[in-house]
Amino acid sequence: MLKGFKRSVLTAALVYIVIGLMLIIWPMQAKMFLCYAVGVVSLLIGLGSLARYFTRPGYGVFSRFGMVIGVVLSVIGLLLLFNAKAIIAAIGIIIGAAVLIDSIMRLQMALDAKRSGLRWQAPMIMAGVMLIVGVVLLFDPFGGLDTATRIAGWALLIEGVMSLISTGLISDVFRR
């Protein structure tokens with residue numbers, strides 16, 4: 001059982017490293033690939049749900065909403081497949097708006113902390129940095145999202161390497 005667990009952790013770590021490197025080296029292509037992959041999966045699940053709805057009346061959880069689920073997933077799949085660049089830009093703009101709103105709220109909290117005599121410098125700096133990130137994502141969704149994608153890639157790469165290291169250390173402990 002322990003060998004199976006170790007193999008699973010090592011496999012996940014290697015997958016993290018590969019995906020992380022893809023996101024770092026080819027951010028736009030990785031996002032496009034992800035968009036297409038999710039589009040294909042959504043379309044296949046949607047078409048499968050429609051097929052089950054029409055060929056197997058009363059089929060499990062899909063019996064009541066099989067057609068709705070099938071149509072919605074099929075439409076999402078087609079949108080992702082045929083409008084990947086627009087979807088990626090929209091995601092960048094949506095994330096940018098969310099980060100911008102969050103940074104303004106954090107800015108207000110930092111100012112409130114200053115008025116209350118609490119520590120406010122670090123929250124103010126973080127709010128300012130996130131405000132800039134939000135503006136960049138909002139007005140340059142492709143470039144900003146490329147940077148965010150690379151950061152996510154670095155996070156996955158570091159996570160994968162740390163998993164490899166910790167699995168090696170734990171294996172050494174069990175060997176002794």
# chains A, B, ... in the order shown; residues from 1 in each chain; ligands from 1
call {"tool": "residues_around", "arguments": {"residues": "range 31-37 of chain A", "least_positions_apart": "5", "cutoff": "10 Å", "atoms": "only C-alpha atoms", "output": "count of residues only"}}
result
19
call {"tool": "residues_around", "arguments": {"residues": "Met126 in chain A", "least_positions_apart": "2", "cutoff": "12 Å", "atoms": "only C-alpha atoms", "output": "list in words"}}
result
Val99, Asp102, Ser103, Ile104, Met105, Arg106, Leu107, Met109, Ala110, Trp120, Gln121, Ala122, Pro123, Met124, Gly128, Val129, Met130, Leu131, Ile132 and Val133 of chain A
call {"tool": "write_last_selection", "arguments": {"atoms": "C-alpha atoms", "output": "mmCIF file, in the first residue's frame"}}
result
data_model
loop_
_atom_site.group_PDB
_atom_site.id
_atom_site.type_symbol
_atom_site.label_atom_id
_atom_site.label_comp_id
_atom_site.auth_asym_id
_atom_site.auth_seq_id
_atom_site.Cartn_x
_atom_site.Cartn_y
_atom_site.Cartn_z
ATOM 1 C CA VAL A 99 -8.495 41.663 -8.202
ATOM 2 C CA ASP A 102 -10.415 43.210 -3.814
ATOM 3 C CA SER A 103 -7.369 45.496 -3.805
ATOM 4 C CA ILE A 104 -9.559 48.576 -3.290
ATOM 5 C CA MET A 105 -11.240 46.848 -0.331
ATOM 6 C CA ARG A 106 -7.793 45.958 1.071
ATOM 7 C CA LEU A 107 -6.674 49.550 0.531
ATOM 8 C CA MET A 109 -8.838 48.213 5.324
ATOM 9 C CA ALA A 110 -5.226 49.447 5.397
ATOM 10 C CA TRP A 120 -0.977 49.411 8.062
ATOM 11 C CA GLN A 121 2.207 49.589 5.988
ATOM 12 C CA ALA A 122 2.396 45.961 4.797
ATOM 13 C CA PRO A 123 -1.339 45.746 3.965
ATOM 14 C CA MET A 124 -1.054 49.079 2.121
ATOM 15 C CA GLY A 128 -1.027 48.760 -3.979
ATOM 16 C CA VAL A 129 0.699 45.837 -5.699
ATOM 17 C CA MET A 130 -2.600 44.016 -6.207
ATOM 18 C CA LEU A 131 -4.194 47.232 -7.488
ATOM 19 C CA ILE A 132 -1.502 47.411 -10.187
ATOM 20 C CA VAL A 133 -2.004 43.709 -11.022
#
call {"tool": "atom_distance", "arguments": {"atom1": "CA of Ser74 in chain A", "atom2": "CA of Thr55 in chain A"}}
result
17.4 Å
call {"tool": "atom_distance", "arguments": {"atom1": "CA of Ala127 in chain A", "atom2": "CA of Ala97 in chain A"}}
result
14.1 Å
call {"tool": "residues_around", "arguments": {"residues": "range 163-165 of chain A", "least_positions_apart": "4", "cutoff": "8 Å", "atoms": "only C-alpha atoms", "output": "list in words"}}
result
Val9, Leu10, Ala13, Glu159 and Leu169 of chain A
call {"tool": "atom_distance", "arguments": {"atom1": "CA of Ala30 in chain A", "atom2": "CA of Leu137 in chain A"}}
result
17.8 Å
call {"tool": "closest_residue", "arguments": {"among": "A:Arg119, A:Ser166, A:Ala113, A:Val161", "to": "Leu14 in chain A", "atoms": "only C-alpha atoms"}}
result
A:Val161
call {"tool": "closest_residue", "arguments": {"among": "A:Ile95, A:Leu44, A:Ile151, A:Leu73", "to": "Phe139 in chain A", "atoms": "only C-alpha atoms"}}
result
A:Ile95
call {"tool": "residues_around", "arguments": {"residues": "Ile158 in chain A", "least_positions_apart": "4", "cutoff": "8 Å", "atoms": "only C-alpha atoms", "output": "list in words"}}
result
Ile17, Trp154 and Met162 of chain A
call {"tool": "closest_residue", "arguments": {"among": "A:Gly160, A:Gly96, A:Gly168, A:Pro27", "to": "Leu138 in chain A", "atoms": "only C-alpha atoms"}}
result
A:Gly96
